[in-house]
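Here is run-v8.cif, consisting of mmCIF, C-alpha atoms:
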```cif
data_target
#
loop_
_atom_site.group_PDB
_atom_site.id
_atom_site.type_symbol
_atom_site.label_atom_id
_atom_site.label_comp_id
_atom_site.auth_asym_id
_atom_site.auth_seq_id
_atom_site.Cartn_x
_atom_site.Cartn_y
_atom_site.Cartn_z
ATOM 1 C CA GLY A 1 -11.506 -28.637 -66.380
ATOM 2 C CA GLU A 2 -11.495 -31.113 -63.536
ATOM 3 C CA ASN A 3 -14.718 -31.561 -61.607
ATOM 4 C CA VAL A 4 -14.808 -33.455 -58.308
ATOM 5 C CA GLU A 5 -18.148 -34.538 -56.881
ATOM 6 C CA GLN A 6 -18.430 -35.769 -53.304
ATOM 7 C CA HIS A 7 -21.262 -37.635 -51.577
ATOM 8 C CA PRO A 8 -22.918 -37.584 -49.160
ATOM 9 C CA SER A 9 -22.837 -33.995 -47.944
ATOM 10 C CA THR A 10 -23.714 -35.113 -44.404
ATOM 11 C CA LEU A 11 -23.293 -38.478 -42.735
ATOM 12 C CA SER A 12 -24.367 -39.518 -39.254
ATOM 13 C CA VAL A 13 -23.231 -42.804 -37.758
ATOM 14 C CA GLN A 14 -23.230 -44.501 -34.394
ATOM 15 C CA GLU A 15 -19.905 -44.919 -32.637
ATOM 16 C CA GLY A 16 -18.318 -48.174 -33.742
ATOM 17 C CA ASP A 17 -20.027 -48.231 -37.126
ATOM 18 C CA SER A 18 -18.252 -47.720 -40.443
ATOM 19 C CA ALA A 19 -18.466 -44.593 -42.597
ATOM 20 C CA VAL A 20 -17.925 -44.367 -46.337
ATOM 21 C CA ILE A 21 -17.518 -41.191 -48.378
ATOM 22 C CA LYS A 22 -17.387 -41.321 -52.164
ATOM 23 C CA CYS A 23 -15.914 -39.025 -54.793
ATOM 24 C CA THR A 24 -15.897 -39.008 -58.568
ATOM 25 C CA TYR A 25 -13.587 -37.046 -60.827
ATOM 26 C CA SER A 26 -13.680 -36.129 -64.496
ATOM 27 C CA ASP A 27 -10.055 -35.661 -65.629
ATOM 28 C CA SER A 28 -8.547 -38.986 -66.681
ATOM 29 C CA ALA A 29 -5.064 -37.461 -66.255
ATOM 30 C CA SER A 30 -5.596 -37.088 -62.486
ATOM 31 C CA ASN A 31 -3.107 -39.260 -60.639
ATOM 32 C CA TYR A 32 -3.092 -38.121 -57.023
ATOM 33 C CA PHE A 33 -6.069 -38.299 -54.648
ATOM 34 C CA PRO A 34 -5.692 -36.980 -51.090
ATOM 35 C CA TRP A 35 -8.265 -36.849 -48.308
ATOM 36 C CA TYR A 36 -8.364 -34.047 -45.772
ATOM 37 C CA LYS A 37 -10.074 -33.768 -42.392
ATOM 38 C CA GLN A 38 -11.141 -30.356 -41.178
ATOM 39 C CA GLU A 39 -12.057 -29.907 -37.530
ATOM 40 C CA LEU A 40 -13.960 -26.889 -36.288
ATOM 41 C CA GLY A 41 -11.864 -23.727 -36.364
ATOM 42 C CA LYS A 42 -8.881 -25.444 -37.971
ATOM 43 C CA GLY A 43 -7.402 -25.902 -41.399
ATOM 44 C CA PRO A 44 -7.778 -29.119 -43.433
ATOM 45 C CA GLN A 45 -5.286 -31.822 -42.457
ATOM 46 C CA LEU A 46 -4.121 -34.579 -44.757
ATOM 47 C CA ILE A 47 -5.214 -37.954 -43.374
ATOM 48 C CA ILE A 48 -4.464 -40.311 -46.262
ATOM 49 C CA ASP A 49 -3.685 -40.135 -49.956
ATOM 50 C CA ILE A 50 -3.446 -42.520 -52.866
ATOM 51 C CA ARG A 51 -1.715 -42.381 -56.205
ATOM 52 C CA SER A 52 -3.032 -43.855 -59.404
ATOM 53 C CA ASN A 53 -0.616 -46.776 -59.475
ATOM 54 C CA VAL A 54 -2.361 -48.470 -56.524
ATOM 55 C CA GLY A 55 -5.964 -49.479 -55.934
ATOM 56 C CA GLU A 56 -6.129 -49.401 -52.154
ATOM 57 C CA LYS A 57 -4.236 -47.996 -49.198
ATOM 58 C CA LYS A 58 -4.805 -48.490 -45.470
ATOM 59 C CA ASP A 59 -3.691 -46.682 -42.372
ATOM 60 C CA GLN A 60 -5.125 -48.174 -39.197
ATOM 61 C CA ARG A 61 -8.887 -47.438 -39.224
ATOM 62 C CA ILE A 62 -8.755 -45.449 -42.451
ATOM 63 C CA ALA A 63 -8.609 -46.825 -45.984
ATOM 64 C CA VAL A 64 -8.944 -45.343 -49.437
ATOM 65 C CA THR A 65 -9.876 -47.220 -52.603
ATOM 66 C CA LEU A 66 -9.428 -46.033 -56.168
ATOM 67 C CA ASN A 67 -11.164 -47.214 -59.318
ATOM 68 C CA LYS A 68 -9.410 -45.507 -62.226
ATOM 69 C CA THR A 69 -11.681 -46.986 -64.865
ATOM 70 C CA ALA A 70 -14.798 -45.637 -63.207
ATOM 71 C CA LYS A 71 -12.981 -42.482 -62.028
ATOM 72 C CA HIS A 72 -14.083 -42.760 -58.449
ATOM 73 C CA PHE A 73 -12.390 -43.117 -55.101
ATOM 74 C CA SER A 74 -13.708 -43.651 -51.600
ATOM 75 C CA LEU A 75 -12.720 -43.087 -47.985
ATOM 76 C CA HIS A 76 -13.580 -45.822 -45.501
ATOM 77 C CA ILE A 77 -13.432 -45.261 -41.751
ATOM 78 C CA THR A 78 -13.995 -48.312 -39.571
ATOM 79 C CA GLU A 79 -14.838 -48.428 -35.860
ATOM 80 C CA THR A 80 -15.741 -44.755 -35.868
ATOM 81 C CA GLN A 81 -15.153 -42.678 -32.746
ATOM 82 C CA PRO A 82 -16.633 -39.321 -31.689
ATOM 83 C CA GLU A 83 -13.286 -37.643 -32.461
ATOM 84 C CA ASP A 84 -13.745 -38.658 -36.110
ATOM 85 C CA SER A 85 -16.526 -36.047 -36.302
ATOM 86 C CA ALA A 86 -15.361 -33.384 -38.758
ATOM 87 C CA VAL A 87 -15.731 -32.238 -42.361
ATOM 88 C CA TYR A 88 -13.897 -34.471 -44.828
ATOM 89 C CA PHE A 89 -12.723 -33.336 -48.258
ATOM 90 C CA CYS A 90 -11.554 -35.411 -51.156
ATOM 91 C CA ALA A 91 -9.377 -33.873 -53.850
ATOM 92 C CA ALA A 92 -7.955 -34.779 -57.236
ATOM 93 C CA SER A 93 -4.850 -33.521 -58.987
ATOM 94 C CA THR A 94 -4.955 -31.830 -62.359
ATOM 95 C CA PRO A 95 -1.518 -32.352 -63.885
ATOM 96 C CA ASN A 96 -2.297 -30.065 -66.825
ATOM 97 C CA THR A 97 -3.003 -27.073 -64.600
ATOM 98 C CA ASP A 98 -1.021 -27.958 -61.446
ATOM 99 C CA LYS A 99 -4.102 -27.419 -59.291
ATOM 100 C CA LEU A 100 -5.631 -29.633 -56.641
ATOM 101 C CA ILE A 101 -9.406 -29.614 -57.027
ATOM 102 C CA PHE A 102 -11.429 -30.236 -53.889
ATOM 103 C CA GLY A 103 -14.777 -31.918 -53.472
ATOM 104 C CA THR A 104 -17.589 -30.108 -51.706
ATOM 105 C CA GLY A 105 -17.027 -31.784 -48.338
ATOM 106 C CA THR A 106 -18.849 -34.289 -46.137
ATOM 107 C CA ARG A 107 -19.831 -33.426 -42.596
ATOM 108 C CA LEU A 108 -19.431 -36.617 -40.555
ATOM 109 C CA GLN A 109 -21.065 -36.840 -37.148
ATOM 110 C CA VAL A 110 -20.315 -39.806 -34.925
ATOM 111 C CA PHE A 111 -22.758 -40.209 -32.063
ATOM 112 C CA PRO A 112 -21.624 -41.934 -28.859
ATOM 113 C CA ASP B 1 6.438 -25.336 -33.586
ATOM 114 C CA THR B 2 3.474 -24.488 -35.822
ATOM 115 C CA ALA B 3 4.191 -25.556 -39.402
ATOM 116 C CA VAL B 4 2.023 -23.029 -41.273
ATOM 117 C CA SER B 5 0.936 -20.033 -39.268
ATOM 118 C CA GLN B 6 -1.247 -17.176 -40.399
ATOM 119 C CA THR B 7 -2.320 -13.978 -38.698
ATOM 120 C CA PRO B 8 -4.713 -12.682 -37.717
ATOM 121 C CA LYS B 9 -7.119 -15.506 -36.902
ATOM 122 C CA TYR B 10 -10.110 -13.176 -37.038
ATOM 123 C CA LEU B 11 -10.492 -9.967 -39.019
ATOM 124 C CA VAL B 12 -13.615 -7.809 -38.856
ATOM 125 C CA THR B 13 -13.647 -4.713 -41.001
ATOM 126 C CA GLN B 14 -15.902 -2.386 -42.927
ATOM 127 C CA MET B 15 -16.545 -2.228 -46.636
ATOM 128 C CA GLY B 16 -14.039 -0.186 -48.543
ATOM 129 C CA ASN B 17 -11.150 -0.797 -46.148
ATOM 130 C CA ASP B 18 -7.812 -2.362 -47.060
ATOM 131 C CA LYS B 19 -6.475 -5.277 -45.025
ATOM 132 C CA SER B 20 -3.618 -7.781 -45.033
ATOM 133 C CA ILE B 21 -3.249 -11.377 -43.908
ATOM 134 C CA LYS B 22 0.189 -12.772 -43.196
ATOM 135 C CA CYS B 23 1.437 -16.338 -43.590
ATOM 136 C CA GLU B 24 4.675 -18.044 -42.661
ATOM 137 C CA GLN B 25 5.778 -21.667 -42.998
ATOM 138 C CA ASN B 26 8.721 -23.290 -41.236
ATOM 139 C CA LEU B 27 8.643 -26.550 -43.189
ATOM 140 C CA GLY B 28 11.241 -25.502 -45.732
ATOM 141 C CA HIS B 29 8.684 -25.943 -48.524
ATOM 142 C CA ASP B 30 9.156 -24.336 -51.904
ATOM 143 C CA THR B 31 5.525 -23.633 -52.731
ATOM 144 C CA MET B 32 2.862 -21.629 -50.908
ATOM 145 C CA TYR B 33 -0.811 -21.042 -51.627
ATOM 146 C CA TRP B 34 -3.863 -19.033 -50.708
ATOM 147 C CA TYR B 35 -7.224 -20.785 -50.652
ATOM 148 C CA LYS B 36 -10.644 -19.294 -50.005
ATOM 149 C CA GLN B 37 -13.355 -21.244 -48.162
ATOM 150 C CA ASP B 38 -16.849 -19.845 -48.525
ATOM 151 C CA SER B 39 -19.824 -20.239 -46.199
ATOM 152 C CA LYS B 40 -20.685 -23.596 -47.807
ATOM 153 C CA LYS B 41 -17.184 -24.866 -46.977
ATOM 154 C CA PHE B 42 -16.148 -24.964 -50.631
ATOM 155 C CA LEU B 43 -12.331 -24.703 -50.955
ATOM 156 C CA LYS B 44 -10.994 -22.850 -53.974
ATOM 157 C CA ILE B 45 -7.423 -21.987 -54.866
ATOM 158 C CA MET B 46 -6.622 -18.322 -55.360
ATOM 159 C CA PHE B 47 -2.844 -18.122 -55.847
ATOM 160 C CA SER B 48 0.282 -20.213 -55.637
ATOM 161 C CA TYR B 49 3.897 -19.131 -55.431
ATOM 162 C CA ASN B 50 7.036 -21.172 -55.942
ATOM 163 C CA ASN B 51 10.152 -19.687 -54.379
ATOM 164 C CA LYS B 52 8.694 -16.162 -54.596
ATOM 165 C CA GLU B 53 7.472 -16.580 -58.179
ATOM 166 C CA LEU B 54 3.756 -16.491 -59.009
ATOM 167 C CA ILE B 55 2.658 -19.831 -60.490
ATOM 168 C CA ILE B 56 -1.126 -19.858 -60.290
ATOM 169 C CA ASN B 57 -3.358 -16.816 -60.419
ATOM 170 C CA GLU B 58 -6.995 -17.835 -60.490
ATOM 171 C CA THR B 59 -9.769 -15.565 -61.671
ATOM 172 C CA VAL B 60 -9.560 -13.466 -58.548
ATOM 173 C CA PRO B 61 -10.423 -9.742 -58.561
ATOM 174 C CA ASN B 62 -7.289 -7.627 -58.822
ATOM 175 C CA ARG B 63 -8.207 -6.113 -55.457
ATOM 176 C CA PHE B 64 -6.437 -9.207 -54.104
ATOM 177 C CA SER B 65 -2.663 -8.977 -54.318
ATOM 178 C CA PRO B 66 -0.354 -11.639 -52.934
ATOM 179 C CA LYS B 67 3.228 -10.837 -52.006
ATOM 180 C CA SER B 68 6.019 -13.272 -51.279
ATOM 181 C CA PRO B 69 9.097 -11.586 -49.778
ATOM 182 C CA ASP B 70 10.840 -14.961 -49.465
ATOM 183 C CA LYS B 71 9.879 -18.582 -49.913
ATOM 184 C CA ALA B 72 8.796 -18.937 -46.274
ATOM 185 C CA HIS B 73 6.289 -16.077 -46.402
ATOM 186 C CA LEU B 74 3.227 -15.357 -48.492
ATOM 187 C CA ASN B 75 1.021 -12.441 -47.569
ATOM 188 C CA LEU B 76 -2.354 -11.453 -48.991
ATOM 189 C CA HIS B 77 -3.412 -7.852 -49.316
ATOM 190 C CA ILE B 78 -7.013 -6.989 -50.116
ATOM 191 C CA ASN B 79 -8.043 -3.516 -51.276
ATOM 192 C CA SER B 80 -11.501 -1.956 -51.146
ATOM 193 C CA LEU B 81 -13.084 -4.825 -49.260
ATOM 194 C CA GLU B 82 -16.574 -5.914 -50.285
ATOM 195 C CA LEU B 83 -19.277 -7.862 -48.443
ATOM 196 C CA GLY B 84 -18.671 -10.842 -50.740
ATOM 197 C CA ASP B 85 -15.068 -11.099 -49.563
ATOM 198 C CA SER B 86 -16.293 -12.464 -46.241
ATOM 199 C CA ALA B 87 -14.885 -15.997 -45.998
ATOM 200 C CA VAL B 88 -12.164 -18.027 -44.335
ATOM 201 C CA TYR B 89 -8.804 -17.656 -46.070
ATOM 202 C CA PHE B 90 -6.297 -20.479 -45.749
ATOM 203 C CA CYS B 91 -2.617 -20.357 -46.402
ATOM 204 C CA ALA B 92 -0.958 -23.644 -47.355
ATOM 205 C CA SER B 93 2.422 -24.948 -48.402
ATOM 206 C CA SER B 94 3.790 -27.978 -50.220
ATOM 207 C CA GLN B 95 7.258 -29.375 -50.680
ATOM 208 C CA LEU B 96 7.036 -29.387 -54.443
ATOM 209 C CA THR B 97 5.174 -27.430 -57.084
ATOM 210 C CA GLY B 98 2.386 -29.228 -58.829
ATOM 211 C CA SER B 99 -0.850 -30.845 -57.836
ATOM 212 C CA ASN B 100 0.774 -34.109 -56.712
ATOM 213 C CA SER B 101 2.378 -32.752 -53.570
ATOM 214 C CA PRO B 102 0.515 -32.911 -50.224
ATOM 215 C CA LEU B 103 -0.701 -29.583 -48.873
ATOM 216 C CA HIS B 104 -0.112 -28.364 -45.318
ATOM 217 C CA PHE B 105 -2.728 -25.809 -44.290
ATOM 218 C CA GLY B 106 -2.691 -23.067 -41.690
ATOM 219 C CA ASN B 107 -5.655 -22.660 -39.355
ATOM 220 C CA GLY B 108 -7.284 -19.959 -41.409
ATOM 221 C CA THR B 109 -8.221 -16.300 -41.109
ATOM 222 C CA ARG B 110 -11.929 -15.615 -40.798
ATOM 223 C CA LEU B 111 -12.606 -12.343 -42.590
ATOM 224 C CA THR B 112 -15.916 -10.607 -41.920
ATOM 225 C CA VAL B 113 -16.752 -7.518 -43.942
ATOM 226 C CA THR B 114 -19.625 -5.407 -42.587
#
```
So that I can check it, write out the structure of this file as structure tokens.
Amino acid sequence: GENVEQHPSTLSVQEGDSAVIKCTYSDSASNYFPWYKQELGKGPQLIIDIRSNVGEKKDQRIAVTLNKTAKHFSLHITETQPEDSAVYFCAASTPNTDKLIFGTGTRLQVFP
Amino acid sequence: DTAVSQTPKYLVTQMGNDKSIKCEQNLGHDTMYWYKQDSKKFLKIMFSYNNKELIINETVPNRFSPKSPDKAHLNLHINSLELGDSAVYFCASSQLTGSNSPLHFGNGTRLTVT
């Protein structure tokens, strides 16, 4: 079945710096890759997603890149702010089983 | 105007008890889910329902029984609670069935079994 690996597990950056989180997946049939942000005491919230027919997508300070050949995708946050501090999850679709498989999460801390 | 709401937010109970968690979504979505998040933050799907019909049933002990009275509600009943059931349980919904549709999560129910 699909396996999604996510790195790093923790990431600390200074306010204003960039943060990059990387994920790899195993199922070549995967075609949808969302990213979720989970703040303390809340449920995961979708922040950006990408489908396999594009290689990059941007939304203000957030961007996601996808390399289908290498089966990896990354989240890029520029000009980080303290309110970006949260746990971030990547996920990959599994069309054969209709399940979304989540990575193990990255705890991002942005220090002022 | 909460999109996916679940109650209670916290649930503390003793081993052997039976408890229920309720979930409602007002997004008009067809599909609803239960996810379990363990102490290491790992998110794993438990069940999914599409318009009251069970679609996904992961390898979850049969002490866990979901019930969907209508497509806007998906409740989770847990019998004979065990220490290992302690976790945060998230309800979610999506517009379409399948893994390509964005999920909308509730804020979770933290279950503590003592």
Practice item. Could you list the residues chosen by the PyMOL selection byres ((chain B) within 6 of (chain A)) in this structure as a PyMOL selection string? Key: chain B and resi 42+98-100+105-108
Give the padded box for stretch 100-103 of chain A as AutoDock Vina command-line options: axis-aligned, covering all atoms listed in the file, 4 Å on each side, centre and edge lengths in Å to one decimal.
```
--center_x -10.2 --center_y -30.8 --center_z -55.2 --size_x 17.1 --size_y 10.3 --size_z 11.6
```
Check your understanding: B:Ser86: which residues within 7 Å, counting only C-alpha atoms, same-chain residues fewer than 5 positions away excluded, as a list in words?
Key ->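 Surrounding residues, per the criterion: Leu111, Thr112 and Val113 of chain B.
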Review point. A:Ala70, A:Glu2, A:Asp84, A:Lys37: which is nearest A:Ser18, counting only C-alpha atoms?
Key: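 Looking only at the distances to A:Ser18, the closest residue turns out to be A:Asp84.
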Practice item. Evaluate the PyMOL selection byres ((chain B and resi 15) around 9) on the structure here and hand back the selected residues as a ChimeraX atom specification. Key: /B:13-14,16-18,80-83,113-114
Revision key, fill the gap. In Å and to one decimal, atom CA of B:Thr59 is distant from atom CA of B:Lys41 by 18.9 Å
Review point. What is the atom CA of A:Gly55 to atom CA of A:Ala86 distance in Å?
Key: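 Between atom CA of A:Gly55 and atom CA of A:Ala86 the gap works out to 25.3 Å.
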Practice item. Compile the contact shell of B:Gln6 as a ChimeraX atom specification: residues with an atom at most 12 Å away, counting all atoms listed in the file, same-chain residues fewer than 3 positions apart removed. Key: /A:42-43 /B:2-3,9-11,20-26,33-34,72-76,88-93,105-110
Those residues you just picked out, can you put them in a file as a CSV table (one decimal), keeping the file's coordinate frame with C-alpha atoms?
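Written file, out.csv:
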```csv
chain,number,residue,atom,x,y,z
A,42,LYS,CA,-8.9,-25.4,-38.0
A,43,GLY,CA,-7.4,-25.9,-41.4
B,2,THR,CA,3.5,-24.5,-35.8
B,3,ALA,CA,4.2,-25.6,-39.4
B,9,LYS,CA,-7.1,-15.5,-36.9
B,10,TYR,CA,-10.1,-13.2,-37.0
B,11,LEU,CA,-10.5,-10.0,-39.0
B,20,SER,CA,-3.6,-7.8,-45.0
B,21,ILE,CA,-3.2,-11.4,-43.9
B,22,LYS,CA,0.2,-12.8,-43.2
B,23,CYS,CA,1.4,-16.3,-43.6
B,24,GLU,CA,4.7,-18.0,-42.7
B,25,GLN,CA,5.8,-21.7,-43.0
B,26,ASN,CA,8.7,-23.3,-41.2
B,33,TYR,CA,-0.8,-21.0,-51.6
B,34,TRP,CA,-3.9,-19.0,-50.7
B,72,ALA,CA,8.8,-18.9,-46.3
B,73,HIS,CA,6.3,-16.1,-46.4
B,74,LEU,CA,3.2,-15.4,-48.5
B,75,ASN,CA,1.0,-12.4,-47.6
B,76,LEU,CA,-2.4,-11.5,-49.0
B,88,VAL,CA,-12.2,-18.0,-44.3
B,89,TYR,CA,-8.8,-17.7,-46.1
B,90,PHE,CA,-6.3,-20.5,-45.7
B,91,CYS,CA,-2.6,-20.4,-46.4
B,92,ALA,CA,-1.0,-23.6,-47.4
B,93,SER,CA,2.4,-24.9,-48.4
B,105,PHE,CA,-2.7,-25.8,-44.3
B,106,GLY,CA,-2.7,-23.1,-41.7
B,107,ASN,CA,-5.7,-22.7,-39.4
B,108,GLY,CA,-7.3,-20.0,-41.4
B,109,THR,CA,-8.2,-16.3,-41.1
B,110,ARG,CA,-11.9,-15.6,-40.8
```
Check your understanding: atom CA of A:Thr24 to atom CA of A:Pro82: how many Å, to one decimal?
Key ->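 Between atom CA of A:Thr24 and atom CA of A:Pro82 the gap is 26.9 Å.
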Practice item. Report as a ChimeraX atom specification the full result of the PyMOL selection byres ((chain A and resi 11) around 10) when it is applied to this structure. Key: /A:7-10,12-13,19-21,85,87,106-110
Study note, to complete from the structure: Closest of A:Ala63, A:Thr69, A:Gln6, A:Tyr88 to A:Lys22, counting all atoms listed in the file, is A:Gln6
Check your understanding: So which one's closest to B:Gly28, B:Glu53, B:Asp85, B:Asp70, B:Glu58? Using all atoms listed in the file, please.
Key ->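 When distances to B:Gly28 are compared using all atoms listed in the file, the smallest one comes from B:Asp70.
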Exercise for review: Name the residues in contact with A:Val54 at a cut-off of 10 Å, using all atoms listed in the file, excluding same-chain residues fewer than 5 positions from it; report them as a list in words.
Suggested key: Thr65, Leu66, Asn67 and Lys68 of chain A
Output C-alpha atoms for every residue in that selection, as a CSV table (one decimal), in the frame of the given file.
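Resulting contents of again-v5.csv:
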```csv
chain,number,residue,atom,x,y,z
A,65,THR,CA,-9.9,-47.2,-52.6
A,66,LEU,CA,-9.4,-46.0,-56.2
A,67,ASN,CA,-11.2,-47.2,-59.3
A,68,LYS,CA,-9.4,-45.5,-62.2
```
